[in-house]
$ cat query-v3.cif   # mmCIF, C-alpha atoms
data_final
loop_
_atom_site.label_atom_id
_atom_site.label_comp_id
_atom_site.auth_asym_id
_atom_site.auth_seq_id
_atom_site.Cartn_x
_atom_site.Cartn_y
_atom_site.Cartn_z
CA MET Q 1 -0.26 -7.69 -24.04
CA GLY Q 2 -1.60 -4.24 -23.31
CA LYS Q 3 -3.57 -3.25 -20.25
CA VAL Q 4 -7.25 -2.46 -19.88
CA VAL Q 5 -7.40 1.07 -18.48
CA ALA Q 6 -10.37 3.19 -17.40
CA ALA Q 7 -9.84 6.92 -16.98
CA MET Q 8 -12.33 9.37 -15.54
CA SER Q 9 -12.39 13.02 -14.60
CA ILE Q 10 -14.04 13.07 -11.20
CA SER Q 11 -14.75 15.50 -8.36
CA VAL Q 12 -13.22 14.92 -4.93
CA ASP Q 13 -16.63 13.69 -3.77
CA GLY Q 14 -16.82 11.11 -6.55
CA TYR Q 15 -19.11 12.67 -9.14
CA VAL Q 16 -18.42 12.34 -12.86
CA GLY Q 17 -21.49 14.11 -14.21
CA ALA Q 18 -24.82 15.71 -13.42
CA SER Q 19 -28.01 13.77 -12.76
CA ASP Q 20 -30.01 16.93 -13.52
CA PRO Q 21 -29.87 17.46 -17.34
CA GLU Q 22 -29.93 21.23 -16.86
CA GLN Q 23 -26.66 20.95 -14.96
CA TRP Q 24 -25.04 18.65 -17.51
CA PHE Q 25 -22.78 21.15 -19.26
CA ALA Q 26 -21.80 23.00 -16.09
CA VAL Q 27 -20.75 19.82 -14.29
CA HIS Q 28 -19.10 18.33 -17.39
CA ASN Q 29 -17.05 21.48 -17.84
CA ARG Q 30 -16.14 21.72 -14.17
CA VAL Q 31 -14.74 18.19 -13.90
CA HIS Q 32 -13.01 18.40 -17.30
CA ASN Q 33 -11.75 21.99 -17.34
CA TRP Q 34 -8.24 20.89 -16.31
CA VAL Q 35 -7.86 19.19 -19.72
CA PHE Q 36 -9.08 21.79 -22.21
CA GLY Q 37 -5.94 23.94 -22.11
CA LEU Q 38 -3.41 21.13 -22.39
CA ALA Q 39 -1.19 20.95 -25.47
CA ALA Q 40 -1.62 17.15 -25.79
CA TRP Q 41 -5.41 17.42 -25.65
CA ARG Q 42 -5.57 20.36 -28.07
CA GLU Q 43 -3.35 18.55 -30.56
CA ARG Q 44 -5.87 15.68 -30.59
CA GLN Q 45 -8.67 18.12 -31.38
CA GLY Q 46 -6.64 19.56 -34.27
CA MET Q 47 -5.76 22.76 -32.37
CA ASP Q 48 -2.36 24.39 -31.93
CA GLY Q 49 -0.78 25.66 -28.72
CA GLY Q 50 -1.79 24.94 -25.18
CA GLU Q 51 0.07 24.29 -21.97
CA ASP Q 52 2.96 21.86 -21.91
CA THR Q 53 2.62 20.69 -18.31
CA ILE Q 54 2.94 17.41 -16.44
CA SER Q 55 -0.81 16.95 -16.95
CA SER Q 56 -0.34 17.38 -20.70
CA GLU Q 57 2.42 14.78 -20.61
CA LEU Q 58 0.17 12.29 -18.79
CA VAL Q 59 -2.71 12.86 -21.21
CA GLY Q 60 -0.27 12.50 -24.13
CA ASP Q 61 0.94 9.21 -22.64
CA GLU Q 62 -2.64 7.95 -22.40
CA PHE Q 63 -3.22 8.76 -26.07
CA ALA Q 64 0.10 7.24 -27.12
CA ASN Q 65 -0.35 4.01 -25.17
CA THR Q 66 -3.89 3.34 -26.37
CA GLY Q 67 -4.51 0.95 -29.27
CA ALA Q 68 -8.31 0.83 -29.07
CA TYR Q 69 -11.19 2.43 -27.16
CA VAL Q 70 -14.37 1.13 -25.55
CA MET Q 71 -17.22 3.51 -24.77
CA GLY Q 72 -20.89 3.46 -23.84
CA ARG Q 73 -23.63 4.41 -26.27
CA THR Q 74 -24.61 7.58 -24.39
CA MET Q 75 -21.09 8.93 -24.72
CA PHE Q 76 -21.05 8.01 -28.41
CA ASN Q 77 -24.41 9.71 -28.98
CA PHE Q 78 -23.16 12.90 -27.35
CA GLY Q 79 -19.93 12.82 -29.35
CA GLU Q 80 -20.96 11.65 -32.81
CA GLU Q 81 -21.77 15.11 -34.16
CA PRO Q 82 -19.16 17.29 -32.39
CA TRP Q 83 -16.34 14.81 -33.16
CA GLY Q 84 -17.09 15.32 -36.90
CA GLU Q 85 -15.12 13.76 -39.74
CA GLN Q 86 -11.86 13.49 -37.80
CA PRO Q 87 -12.62 12.21 -34.27
CA PRO Q 88 -9.89 12.60 -31.64
CA PHE Q 89 -9.36 8.84 -31.11
CA ARG Q 90 -7.29 7.87 -34.18
CA ALA Q 91 -7.90 4.22 -33.33
CA PRO Q 92 -10.69 1.63 -33.45
CA VAL Q 93 -13.53 2.44 -31.05
CA PHE Q 94 -15.96 -0.22 -29.80
CA VAL Q 95 -19.34 1.15 -28.71
CA VAL Q 96 -21.39 -1.01 -26.33
CA THR Q 97 -25.04 -0.73 -27.37
CA HIS Q 98 -28.29 -2.68 -27.58
CA ARG Q 99 -28.96 -1.48 -31.13
CA ALA Q 100 -27.05 -3.08 -34.02
CA ARG Q 101 -25.53 -0.68 -36.51
CA GLN Q 102 -23.07 -0.90 -39.39
CA PRO Q 103 -19.52 0.17 -38.57
CA LEU Q 104 -18.79 3.85 -39.09
CA HIS Q 105 -15.52 4.82 -40.74
CA ARG Q 106 -14.09 8.26 -40.11
CA THR Q 107 -10.64 9.65 -40.85
CA GLY Q 108 -8.28 7.72 -38.59
CA THR Q 109 -11.07 6.35 -36.38
CA SER Q 110 -13.59 3.53 -36.83
CA PHE Q 111 -16.65 2.91 -34.66
CA THR Q 112 -17.82 -0.69 -34.26
CA PHE Q 113 -21.14 -1.26 -32.51
CA VAL Q 114 -21.06 -4.23 -30.15
CA THR Q 115 -24.39 -5.75 -29.07
CA GLU Q 116 -22.93 -8.72 -27.16
CA GLY Q 117 -22.05 -6.70 -24.06
CA LEU Q 118 -19.05 -5.05 -22.44
CA GLU Q 119 -16.92 -8.17 -22.07
CA SER Q 120 -17.15 -8.85 -25.80
CA ALA Q 121 -16.32 -5.22 -26.58
CA VAL Q 122 -13.22 -5.36 -24.38
CA LYS Q 123 -12.19 -8.63 -26.04
CA GLN Q 124 -12.59 -7.19 -29.54
CA ALA Q 125 -10.78 -4.01 -28.50
CA THR Q 126 -7.93 -6.06 -27.02
CA GLU Q 127 -7.47 -7.82 -30.37
CA ALA Q 128 -7.67 -4.56 -32.29
CA ALA Q 129 -5.19 -2.87 -29.93
CA ALA Q 130 -2.52 -5.37 -31.02
CA GLY Q 131 -0.51 -5.21 -27.82
CA ARG Q 132 -1.26 -1.65 -26.86
CA ASP Q 133 -3.75 -0.61 -24.16
CA VAL Q 134 -7.53 -0.71 -24.29
CA PHE Q 135 -8.95 2.53 -22.96
CA LEU Q 136 -12.41 2.97 -21.39
CA SER Q 137 -13.24 6.66 -21.20
CA GLY Q 138 -16.82 6.35 -20.03
CA GLY Q 139 -19.48 6.97 -19.32
CA ALA Q 140 -19.88 6.00 -15.72
CA GLY Q 141 -22.04 2.96 -16.50
CA ILE Q 142 -19.39 1.26 -18.63
CA VAL Q 143 -16.65 1.88 -16.07
CA GLN Q 144 -18.86 0.62 -13.23
CA GLN Q 145 -19.61 -2.56 -15.18
CA ALA Q 146 -15.93 -3.05 -15.93
CA ILE Q 147 -14.98 -2.66 -12.24
CA ALA Q 148 -17.75 -5.03 -11.10
CA ALA Q 149 -16.77 -7.63 -13.71
CA GLY Q 150 -13.06 -7.40 -12.83
CA LEU Q 151 -12.10 -6.39 -16.38
CA LEU Q 152 -9.76 -3.52 -15.49
CA ASP Q 153 -6.02 -3.52 -14.94
CA GLU Q 154 -5.78 0.20 -14.08
CA LEU Q 155 -7.98 3.08 -13.01
CA HIS Q 156 -6.80 6.61 -13.79
CA LEU Q 157 -8.66 9.20 -11.74
CA HIS Q 158 -8.19 12.82 -12.77
CA GLN Q 159 -9.53 14.45 -9.61
CA ALA Q 160 -10.91 17.96 -9.98
CA PRO Q 161 -10.49 19.93 -6.71
CA VAL Q 162 -14.17 20.56 -6.00
CA LEU Q 163 -16.99 19.11 -3.94
CA LEU Q 164 -20.13 19.04 -6.13
CA GLY Q 165 -22.47 17.62 -3.49
CA THR Q 166 -24.72 15.87 -6.00
CA GLY Q 167 -24.64 14.21 -9.43
CA VAL Q 168 -23.78 10.93 -11.10
CA ARG Q 169 -21.53 8.88 -8.85
CA LEU Q 170 -18.78 6.78 -10.37
CA TRP Q 171 -18.78 4.45 -7.35
CA ASP Q 172 -22.30 3.04 -7.56
CA HIS Q 173 -22.97 -0.48 -8.85
CA ILE Q 174 -19.37 -1.68 -8.57
CA GLY Q 175 -20.31 -4.69 -6.45
CA PRO Q 176 -19.90 -5.36 -2.70
CA ASP Q 177 -16.59 -7.25 -2.92
CA TRP Q 178 -13.53 -5.32 -1.79
CA LYS Q 179 -11.14 -4.58 -4.63
CA GLU Q 180 -7.59 -3.90 -3.47
CA LEU Q 181 -5.60 -1.34 -5.43
CA THR Q 182 -1.94 -0.37 -5.68
CA PRO Q 183 -1.09 3.29 -6.27
CA ILE Q 184 1.16 3.40 -9.34
CA ARG Q 185 1.29 7.15 -9.90
CA ILE Q 186 0.14 9.98 -7.61
CA THR Q 187 0.83 13.30 -9.30
CA PRO Q 188 -0.31 16.81 -8.48
CA GLY Q 189 -1.24 18.64 -11.69
CA ASP Q 190 -2.42 22.15 -12.41
CA GLY Q 191 -6.04 22.31 -11.25
CA VAL Q 192 -6.22 18.52 -11.03
CA THR Q 193 -4.75 15.63 -9.06
CA HIS Q 194 -3.79 12.52 -11.03
CA LEU Q 195 -4.41 9.30 -9.06
CA TYR Q 196 -3.43 6.15 -10.97
CA TYR Q 197 -4.29 2.85 -9.34
CA GLN Q 198 -3.66 -0.72 -10.42
CA PHE Q 199 -6.05 -3.52 -9.49
CA VAL Q 200 -4.48 -6.25 -7.37
CA ARG Q 201 -5.28 -9.56 -9.11
CA MET D 1 -5.39 32.09 14.43
CA GLY D 2 -5.31 28.36 13.82
CA LYS D 3 -7.19 26.52 11.12
CA VAL D 4 -10.21 24.25 11.38
CA VAL D 5 -9.12 20.93 9.89
CA ALA D 6 -11.07 17.74 9.26
CA ALA D 7 -9.14 14.55 8.62
CA MET D 8 -10.58 11.24 7.55
CA SER D 9 -9.29 7.86 6.50
CA ILE D 10 -11.33 6.99 3.44
CA SER D 11 -11.46 4.38 0.70
CA VAL D 12 -10.94 5.42 -2.94
CA ASP D 13 -14.71 5.06 -3.43
CA GLY D 14 -15.46 7.43 -0.57
CA TYR D 15 -16.37 5.15 2.34
CA VAL D 16 -15.24 5.89 5.88
CA GLY D 17 -17.01 3.06 7.68
CA ALA D 18 -19.46 0.19 7.43
CA SER D 19 -23.22 0.60 7.42
CA ASP D 20 -23.56 -3.06 8.39
CA PRO D 21 -22.54 -3.33 12.11
CA GLU D 22 -21.11 -6.81 11.50
CA GLN D 23 -18.65 -5.27 9.05
CA TRP D 24 -17.71 -2.39 11.38
CA PHE D 25 -14.34 -3.66 12.61
CA ALA D 26 -13.26 -5.07 9.25
CA VAL D 27 -13.97 -1.81 7.42
CA HIS D 28 -12.56 0.36 10.21
CA ASN D 29 -9.34 -1.63 10.18
CA ARG D 30 -9.08 -1.63 6.39
CA VAL D 31 -9.36 2.16 6.03
CA HIS D 32 -7.12 2.83 9.05
CA ASN D 33 -4.50 0.08 8.73
CA TRP D 34 -2.01 2.51 7.14
CA VAL D 35 -1.77 4.35 10.49
CA PHE D 36 -1.35 1.57 13.07
CA GLY D 37 2.33 0.92 12.35
CA LEU D 38 3.47 4.54 12.26
CA ALA D 39 5.93 5.75 14.92
CA ALA D 40 4.01 9.03 15.45
CA TRP D 41 0.73 7.21 15.97
CA ARG D 42 2.23 4.56 18.25
CA GLU D 43 3.89 7.23 20.36
CA ARG D 44 0.47 8.79 20.98
CA GLN D 45 -0.89 5.44 22.14
CA GLY D 46 2.04 5.08 24.55
CA MET D 47 3.81 2.48 22.44
CA ASP D 48 7.45 2.39 21.33
CA GLY D 49 8.81 1.76 17.86
CA GLY D 50 6.99 1.86 14.57
CA GLU D 51 7.81 3.10 11.11
CA ASP D 52 9.37 6.50 10.66
CA THR D 53 7.95 7.28 7.22
CA ILE D 54 6.55 10.33 5.44
CA SER D 55 3.09 9.19 6.63
CA SER D 56 4.34 9.16 10.21
CA GLU D 57 5.72 12.66 9.72
CA LEU D 58 2.35 13.90 8.44
CA VAL D 59 0.45 12.29 11.31
CA GLY D 60 2.98 13.75 13.75
CA ASP D 61 2.44 17.19 12.20
CA GLU D 62 -1.32 16.83 12.64
CA PHE D 63 -0.84 16.00 16.34
CA ALA D 64 1.67 18.82 16.86
CA ASN D 65 -0.42 21.48 15.12
CA THR D 66 -3.64 20.66 16.96
CA GLY D 67 -4.69 22.67 19.99
CA ALA D 68 -8.16 21.19 20.47
CA TYR D 69 -10.39 18.47 19.04
CA VAL D 70 -14.05 18.26 18.06
CA MET D 71 -15.75 14.89 17.71
CA GLY D 72 -19.20 13.35 17.44
CA ARG D 73 -20.82 11.46 20.28
CA THR D 74 -20.72 8.11 18.48
CA MET D 75 -16.95 8.35 18.16
CA PHE D 76 -16.64 9.34 21.81
CA ASN D 77 -18.84 6.43 22.89
CA PHE D 78 -16.69 3.98 20.94
CA GLY D 79 -13.49 5.46 22.34
CA GLU D 80 -14.28 6.24 25.97
CA GLU D 81 -13.33 2.82 27.29
CA PRO D 82 -10.41 1.86 25.03
CA TRP D 83 -8.78 5.31 25.39
CA GLY D 84 -8.58 4.68 29.15
CA GLU D 85 -6.98 7.03 31.67
CA GLN D 86 -4.53 8.56 29.19
CA PRO D 87 -6.35 9.25 25.92
CA PRO D 88 -4.22 9.94 22.84
CA PHE D 89 -5.40 13.56 22.35
CA ARG D 90 -3.43 15.42 25.04
CA ALA D 91 -5.64 18.46 24.46
CA PRO D 92 -9.18 19.65 25.16
CA VAL D 93 -11.80 17.63 23.27
CA PHE D 94 -15.28 18.99 22.57
CA VAL D 95 -17.93 16.30 22.05
CA VAL D 96 -21.08 17.30 20.14
CA THR D 97 -24.02 15.58 21.81
CA HIS D 98 -27.69 16.00 22.66
CA ARG D 99 -27.18 14.79 26.22
CA ALA D 100 -25.64 17.15 28.79
CA ARG D 101 -22.83 15.69 30.88
CA GLN D 102 -20.23 17.04 33.28
CA PRO D 103 -16.76 17.51 31.79
CA LEU D 104 -14.49 14.50 32.04
CA HIS D 105 -10.88 15.03 33.06
CA ARG D 106 -8.29 12.47 32.06
CA THR D 107 -4.50 12.67 32.14
CA GLY D 108 -3.59 15.33 29.56
CA THR D 109 -7.03 15.31 27.93
CA SER D 110 -10.37 16.85 28.92
CA PHE D 111 -13.75 16.05 27.36
CA THR D 112 -16.36 18.83 27.29
CA PHE D 113 -19.88 17.89 26.19
CA VAL D 114 -21.46 20.53 23.97
CA THR D 115 -25.23 20.49 23.55
CA GLU D 116 -25.50 23.70 21.53
CA GLY D 117 -24.43 22.11 18.27
CA LEU D 118 -21.37 21.81 16.08
CA GLU D 119 -20.83 25.50 15.45
CA SER D 120 -20.66 26.18 19.18
CA ALA D 121 -18.26 23.25 19.66
CA VAL D 122 -15.95 24.60 16.95
CA LYS D 123 -16.08 28.05 18.54
CA GLN D 124 -15.23 26.71 21.99
CA ALA D 125 -12.49 24.55 20.53
CA THR D 126 -11.04 27.54 18.66
CA GLU D 127 -10.77 29.46 21.93
CA ALA D 128 -9.27 26.49 23.73
CA ALA D 129 -6.77 25.89 20.92
CA ALA D 130 -5.25 29.32 21.61
CA GLY D 131 -3.94 29.87 18.09
CA ARG D 132 -3.29 26.28 17.16
CA ASP D 133 -5.56 24.19 14.90
CA VAL D 134 -8.95 22.72 15.69
CA PHE D 135 -9.11 19.14 14.50
CA LEU D 136 -12.28 17.24 13.56
CA SER D 137 -11.51 13.54 13.39
CA GLY D 138 -15.04 12.28 12.85
CA GLY D 139 -17.31 10.56 12.62
CA ALA D 140 -18.69 11.15 9.18
CA GLY D 141 -21.75 13.06 10.45
CA ILE D 142 -19.71 15.78 12.15
CA VAL D 143 -17.46 16.25 9.13
CA GLN D 144 -20.46 16.37 6.76
CA GLN D 145 -22.11 19.03 8.94
CA ALA D 146 -18.89 21.04 9.04
CA ILE D 147 -18.54 20.92 5.24
CA ALA D 148 -22.19 21.88 4.69
CA ALA D 149 -21.92 24.76 7.19
CA GLY D 150 -18.69 26.07 5.67
CA LEU D 151 -16.79 25.67 8.95
CA LEU D 152 -13.67 24.01 7.54
CA ASP D 153 -10.42 25.54 6.35
CA GLU D 154 -8.82 22.25 5.33
CA LEU D 155 -9.76 18.68 4.55
CA HIS D 156 -7.10 15.98 4.97
CA LEU D 157 -8.04 12.77 3.17
CA HIS D 158 -5.95 9.72 3.96
CA GLN D 159 -7.02 7.56 1.03
CA ALA D 160 -6.72 3.80 1.51
CA PRO D 161 -6.11 2.07 -1.84
CA VAL D 162 -9.24 -0.07 -1.93
CA LEU D 163 -12.74 0.00 -3.41
CA LEU D 164 -15.16 -1.16 -0.71
CA GLY D 165 -18.32 -0.94 -2.83
CA THR D 166 -20.62 -0.21 0.11
CA GLY D 167 -20.62 1.47 3.52
CA VAL D 168 -20.93 4.87 5.15
CA ARG D 169 -20.17 7.57 2.61
CA LEU D 170 -18.34 10.69 3.70
CA TRP D 171 -19.84 12.69 0.81
CA ASP D 172 -23.53 12.51 1.70
CA HIS D 173 -25.37 15.46 3.23
CA ILE D 174 -22.70 18.05 2.36
CA GLY D 175 -25.16 20.31 0.56
CA PRO D 176 -25.74 20.95 -3.15
CA ASP D 177 -23.53 24.06 -3.45
CA TRP D 178 -20.21 23.55 -5.17
CA LYS D 179 -17.26 23.98 -2.85
CA GLU D 180 -14.02 24.78 -4.62
CA LEU D 181 -10.83 23.38 -3.15
CA THR D 182 -7.12 24.03 -3.59
CA PRO D 183 -4.73 21.08 -3.31
CA ILE D 184 -2.14 22.04 -0.69
CA ARG D 185 -0.36 18.71 -0.32
CA ILE D 186 -0.62 15.56 -2.47
CA THR D 187 1.68 12.91 -1.06
CA PRO D 188 1.98 9.20 -1.80
CA GLY D 189 2.49 7.29 1.45
CA ASP D 190 3.02 3.63 2.23
CA GLY D 191 -0.36 1.93 1.72
CA VAL D 192 -2.12 5.30 1.69
CA THR D 193 -2.37 8.46 -0.39
CA HIS D 194 -2.46 11.75 1.50
CA LEU D 195 -4.70 14.35 -0.21
CA TYR D 196 -4.79 17.68 1.62
CA TYR D 197 -7.23 20.26 0.30
CA GLN D 198 -7.96 23.81 1.38
CA PHE D 199 -11.42 25.33 1.00
CA VAL D 200 -11.53 28.38 -1.24
CA ARG D 201 -13.30 31.11 0.74
#
$ encode --input "query-v3.cif" --output "structure tokens"
Amino acid sequence: MGKVVAAMSISVDGYVGASDPEQWFAVHNRVHNWVFGLAAWRERQGMDGGEDTISSELVGDEFANTGAYVMGRTMFNFGEEPWGEQPPFRAPVFVVTHRARQPLHRTGTSFTFVTEGLESAVKQATEAAAGRDVFLSGGAGIVQQAIAAGLLDELHLHQAPVLLGTGVRLWDHIGPDWKELTPIRITPGDGVTHLYYQFVR
Amino acid sequence: MGKVVAAMSISVDGYVGASDPEQWFAVHNRVHNWVFGLAAWRERQGMDGGEDTISSELVGDEFANTGAYVMGRTMFNFGEEPWGEQPPFRAPVFVVTHRARQPLHRTGTSFTFVTEGLESAVKQATEAAAGRDVFLSGGAGIVQQAIAAGLLDELHLHQAPVLLGTGVRLWDHIGPDWKELTPIRITPGDGVTHLYYQFVR
């Protein structure tokens, strides 16, 4: 069976986004700018070229290992238009939401709207992934819930070398119980540090 | 001239201590337990043996490169008794405090109490270090002030592989301005991940 993996781009001080909407794009771009030039990421967006680095290899591995995605509704709402007719997932995506909606079929990607909560979404994604990994790519709320509920096997932190000082923290609402981790891959990248941790069960 | 370095043992979710006093020892031990068995650390406490690992080498380098220390009064208060007649610093230590006190001379280590604030303590420590590094080892408040005031050249994070969920955050009160960092050493250790960052000036 595949693993349940959450991956987040995050500042050294633990922020994954802006709490001030006017800062949204600036912060989003700062924590993600390590990825935009990578060959593996560009290929997924239908673009040629890009850098063929260790970071590109890791991102390519994440894509290749993933059989299904789980995301929050805010992330879906932001992405629905820009992702267009050929979204970069090329796999079933399960969107956790309070509002029922018919499945959406795009080229290579389907979106299923799950109103029974995160655990159900992860279960459905696990079935759809057929032995490959289930990948949670955000937002923060979904990943926090998954950590608190003990649903994750691995956490992939792509750490952008910056202190932002303020914003949306990944580490809120994860529950007061200690969760021991095992480092499985610690890799310096170009403009990013890849910290892969496994949850000790 | 030497560098101004802050080093902290920190959980993956950014905690360096407990906010609940009853949890103080448990959290302190959990974030620091990677260090207690290292040969370089034991040698400084006057003990033989220990593990001669890459982590021990890094800790030994930190000791060897340091010409003077700066610490907060809370840390001094906790340490004064257990450090005893031969404290592990073997260098001048400058304690930032509101209460004036005569310097304290121990074997190999002196404690000077600075009432003019952190910046003055760092300046005095820089002179005393005579070309070697100034080392801030905590607590969190001193390191936060140093980050906010732009006093640091390097930040050494010794990341313990655990999510604590609650506690004293290192990343509060560091100011809203973005501070760009350059990774200078990313090293997996044994039960710890060493993340060394340089501040971009």
$ atom_distance --input "query-v3.cif" --atom1 "atom CA of Q:Thr112" --atom2 "atom CA of Q:Arg132"
18.2 Å
$ resolve_selection --input "query-v3.cif" --expression "the PyMOL selection byres ((chain D and resi 52) around 7)" --output "ChimeraX atom specification"
/D:38-39,50-51,53,56
$ resolve_selection --input "query-v3.cif" --expression "the PyMOL selection byres ((chain D) within 7 of (chain Q))" --output "ChimeraX atom specification"
/D:13,161-166,171,174-183,186,188
$ residues_around --input "query-v3.cif" --residues "Q:Tyr69" --least-positions-apart "4" --cutoff "9 Å" --atoms "only C-alpha atoms" --output "list in words"
Phe89, Ala91, Pro92, Val93, Phe94, Val95, Val122, Ala125, Ala129, Asp133, Val134, Phe135, Leu136 and Ser137 of chain Q
$ resolve_selection --input "query-v3.cif" --expression "the PyMOL selection byres ((chain Q and resi 74) around 12)" --output "list in words"
Met71, Gly72, Arg73, Met75, Phe76, Asn77, Phe78, Gly79, Glu80, Val95, Val96, Thr97, His98, Ser137, Gly138, Gly139, Ala140, Gly141 and Ile142 of chain Q
$ decode --input "query-v3.cif" --residues "stretch 4-34 of chain Q" --atoms "C-alpha atoms" --output "compact mmCIF listing (two decimals), in the first residue's frame"
# COMPACT_ATOMS: atom_id res chain seq x y z
CA VAL Q 4 -0.02 9.23 2.88
CA VAL Q 5 2.34 12.16 2.30
CA ALA Q 6 1.91 15.86 3.02
CA ALA Q 7 4.29 18.30 1.35
CA MET Q 8 4.54 22.00 2.05
CA SER Q 9 6.77 24.87 1.00
CA ILE Q 10 7.52 26.67 4.24
CA SER Q 11 9.75 29.45 5.55
CA VAL Q 12 12.41 28.70 8.17
CA ASP Q 13 10.11 30.30 10.75
CA GLY Q 14 7.22 28.01 9.84
CA TYR Q 15 4.98 30.14 7.65
CA VAL Q 16 3.26 28.71 4.58
CA GLY Q 17 1.26 31.76 3.53
CA ALA Q 18 0.17 35.28 4.37
CA SER Q 19 -2.58 36.11 6.84
CA ASP Q 20 -2.86 39.58 5.24
CA PRO Q 21 -4.61 39.11 1.83
CA GLU Q 22 -2.58 41.97 0.36
CA GLN Q 23 0.58 39.97 1.07
CA TRP Q 24 -0.81 36.74 -0.36
CA PHE Q 25 0.98 36.71 -3.71
CA ALA Q 26 4.27 38.01 -2.35
CA VAL Q 27 4.46 35.38 0.38
CA HIS Q 28 3.18 32.60 -1.88
CA ASN Q 29 5.84 33.42 -4.44
CA ARG Q 30 8.60 33.72 -1.85
CA VAL Q 31 8.01 30.30 -0.29
CA HIS Q 32 7.44 28.63 -3.68
CA ASN Q 33 10.00 30.39 -5.89
CA TRP Q 34 12.44 27.46 -5.55
